[in-house]
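Q: Here it is, the structure in full.
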Amino acid sequence: MRRREFIIGTGSAAIMIGAGAAGAAVPAQLPDYNMPEEFLPREVRIKNDFAPFEIHVDPGQYALYWTLPKKKAIRYSVGIGRTALYEAGEFYVGAKKEWPSWTPTPEMIERDPESYAKYKDGLPGGLNNPLGSRGLYLFQPGRGDTFLRVHGTNEPKTIGRRVSNGCARLVNDQMIELYDRVPMNSRVVLHPILTA
């Protein structure tokens with residue numbers, strides 16, 4: 001399926017509707033990310049007996065699967081957390097935000113003050129915000145917000161790479177489409193990085 005067919009088939013996700021967070025620089029239309037064919041979402045058959053309507057991230061394939069009934073899923077290409085920062089485990093969607101604001105964690109600032117200290121007071125939502133168009137906030141029982149996210153990005157070159165501080169990222173238009181599918185409290189599994 002070509003990108004244009006995908007967008008048309010999902011209600012033209014590239015056109016933004018509504019306002020973002022206060023102060024957010026929300027575009028009227030997203031840029032065309034010109035993703036290669038292999039990075040476009042597609043329906044696939046899966047071998048696993050995963051329950052439908054869950055998110056499963058396979059870091060070895062740089063893939064996120066939104067599971068469907070009858071052993072099917074929609075496969076999205078993602079960028080994932082750098083090896084030392086990726087946290088495998090089971091989570092649930094505890095919050096959903098459109099054009100979310102972003103504040104680096106104290107650990108991020110400590111690891112790389114040159115990159116993150118200037119944002120210690122936060123950055124409003126918008127196209128140049130690291131969380132992009134949408135954010136699914138990952139929680140765990142007894143822990144609450146883990147500060148891990150499934151989120152958008154306007155940097156297509158980061159898809160298929162280990163680049164983030166532990167989160168999974170999709171280009172913004174694909175993230176909007178996924179966000180609209182995923183209800184609150186959905187199960188999310190970040191599978192482990194397998195080593196040879």
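Ligands are numbered from 1 in the order shown, residues from 1 within each chain, and chains are lettered A, B, ... in the order they appear in the structure tokens.
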Quick one: pick out all strand (DSSP E) residues within stretch 10-191 of chain A from a backbone DSSP run and write them as number ranges by chain.
A: A: 42-45, 55-58, 63-68, 72-77, 80-81, 89-98, 134-140, 144-153, 162-164, 168-171, 187-190
Q: Can you pull out the residues contacting A:Gly160? Cut-off 10 Å, using only C-alpha atoms, and skip same-chain residues under 3 positions away; I want them as a ChimeraX atom specification.
A: /A:39,59-63,77-80,156-157,163,169-170
Q: Would you mind exporting N, CA, C and O atoms of the selected residues as a JSON list (two decimals), in the first residue's frame?
A:
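This went into out-v9.json:
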```json
[["chain", "number", "residue", "atom", "x", "y", "z"],
["A", 39, "PHE", "N", 8.94, 1.06, 5.14],
["A", 39, "PHE", "CA", 8.64, 1.70, 6.42],
["A", 39, "PHE", "C", 7.18, 2.12, 6.55],
["A", 39, "PHE", "O", 6.79, 2.73, 7.53],
["A", 59, "PRO", "N", 12.12, -4.93, 19.26],
["A", 59, "PRO", "CA", 13.27, -4.05, 19.00],
["A", 59, "PRO", "C", 14.23, -4.60, 17.95],
["A", 59, "PRO", "O", 14.90, -3.83, 17.28],
["A", 60, "GLY", "N", 14.28, -5.91, 17.79],
["A", 60, "GLY", "CA", 15.17, -6.50, 16.80],
["A", 60, "GLY", "C", 14.74, -6.20, 15.38],
["A", 60, "GLY", "O", 15.56, -6.12, 14.47],
["A", 61, "GLN", "N", 13.43, -6.01, 15.18],
["A", 61, "GLN", "CA", 12.90, -5.68, 13.85],
["A", 61, "GLN", "C", 12.58, -4.20, 13.70],
["A", 61, "GLN", "O", 12.14, -3.78, 12.63],
["A", 62, "TYR", "N", 12.78, -3.43, 14.76],
["A", 62, "TYR", "CA", 12.38, -2.02, 14.77],
["A", 62, "TYR", "C", 10.93, -1.92, 14.32],
["A", 62, "TYR", "O", 10.57, -1.14, 13.44],
["A", 63, "ALA", "N", 10.09, -2.75, 14.95],
["A", 63, "ALA", "CA", 8.69, -2.85, 14.55],
["A", 63, "ALA", "C", 7.78, -2.74, 15.75],
["A", 63, "ALA", "O", 8.08, -3.26, 16.83],
["A", 77, "SER", "N", 6.90, 0.75, 11.41],
["A", 77, "SER", "CA", 8.34, 0.84, 11.62],
["A", 77, "SER", "C", 8.61, 1.92, 12.65],
["A", 77, "SER", "O", 8.00, 2.99, 12.62],
["A", 78, "VAL", "N", 9.55, 1.63, 13.56],
["A", 78, "VAL", "CA", 9.82, 2.54, 14.67],
["A", 78, "VAL", "C", 11.32, 2.72, 14.88],
["A", 78, "VAL", "O", 12.12, 1.88, 14.48],
["A", 79, "GLY", "N", 11.66, 3.80, 15.54],
["A", 79, "GLY", "CA", 12.96, 3.95, 16.17],
["A", 79, "GLY", "C", 12.76, 3.56, 17.63],
["A", 79, "GLY", "O", 11.68, 3.75, 18.18],
["A", 80, "ILE", "N", 13.79, 2.99, 18.25],
["A", 80, "ILE", "CA", 13.66, 2.54, 19.64],
["A", 80, "ILE", "C", 14.76, 3.16, 20.50],
["A", 80, "ILE", "O", 15.66, 3.83, 20.01],
["A", 156, "PRO", "N", 12.39, 11.42, 10.16],
["A", 156, "PRO", "CA", 12.26, 10.08, 9.58],
["A", 156, "PRO", "C", 13.55, 9.28, 9.57],
["A", 156, "PRO", "O", 13.51, 8.06, 9.60],
["A", 157, "LYS", "N", 14.69, 9.95, 9.59],
["A", 157, "LYS", "CA", 15.98, 9.23, 9.57],
["A", 157, "LYS", "C", 16.21, 8.42, 10.84],
["A", 157, "LYS", "O", 17.09, 7.56, 10.88],
["A", 163, "VAL", "N", 17.89, 5.13, 18.87],
["A", 163, "VAL", "CA", 18.25, 6.55, 18.96],
["A", 163, "VAL", "C", 17.71, 7.25, 20.20],
["A", 163, "VAL", "O", 18.20, 8.31, 20.56],
["A", 169, "ARG", "N", 9.40, 5.45, 18.69],
["A", 169, "ARG", "CA", 8.91, 6.59, 17.91],
["A", 169, "ARG", "C", 8.50, 6.18, 16.51],
["A", 169, "ARG", "O", 9.11, 5.31, 15.91],
["A", 170, "LEU", "N", 7.45, 6.84, 16.03],
["A", 170, "LEU", "CA", 6.95, 6.67, 14.67],
["A", 170, "LEU", "C", 6.91, 8.06, 14.04],
["A", 170, "LEU", "O", 6.77, 9.05, 14.76]]
```
Q: Nearest to A:Ala95: which of A:Glu107, A:Asp121, A:Glu54, A:Asp145 is it, counting only C-alpha atoms?
A: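 Checking each candidate against A:Ala95, we get A:Asp145 as the closest.
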Q: At what distance in Å, to one decimal, does atom CA of A:Asn129 lie from atom CA of A:Ser101?
A: 7.2 Å
Q: Within 9 Å of A:Thr103, counting only C-alpha atoms, which residues qualify if same-chain residues fewer than 4 places away don't, as a list in words?
A: Tyr116, Tyr119, Lys120, Asp121, Gly122, Leu123 and Pro124 of chain A
Q: Can I get the selected residues back with C-alpha atoms, as a PDB file, in the first residue's frame?
A:
```pdb
ATOM      1  CA  TYR A 116      18.903  18.760  27.590  1.00  0.00           C
ATOM      2  CA  TYR A 119      14.804  22.402  28.186  1.00  0.00           C
ATOM      3  CA  LYS A 120      14.633  21.809  31.961  1.00  0.00           C
ATOM      4  CA  ASP A 121      11.521  24.006  32.171  1.00  0.00           C
ATOM      5  CA  GLY A 122       9.844  22.142  29.328  1.00  0.00           C
ATOM      6  CA  LEU A 123       9.069  22.624  25.669  1.00  0.00           C
ATOM      7  CA  PRO A 124       5.522  23.266  24.389  1.00  0.00           C
TER       8      PRO A 124
END
```
Q: Mind checking which residues fall within 6 Å of A:Leu190, counting only C-alpha atoms, ignoring those fewer than 5 positions away in the same chain, and posting them as a count of residues only?
A: 3
Q: Among stretch 5-195 of chain A, which residues carry a DSSP assignment of alpha helix (DSSP H), reported as a VMD selection string?
A: chain A and resid 5 to 9 106 to 111 113 to 116 172 to 181
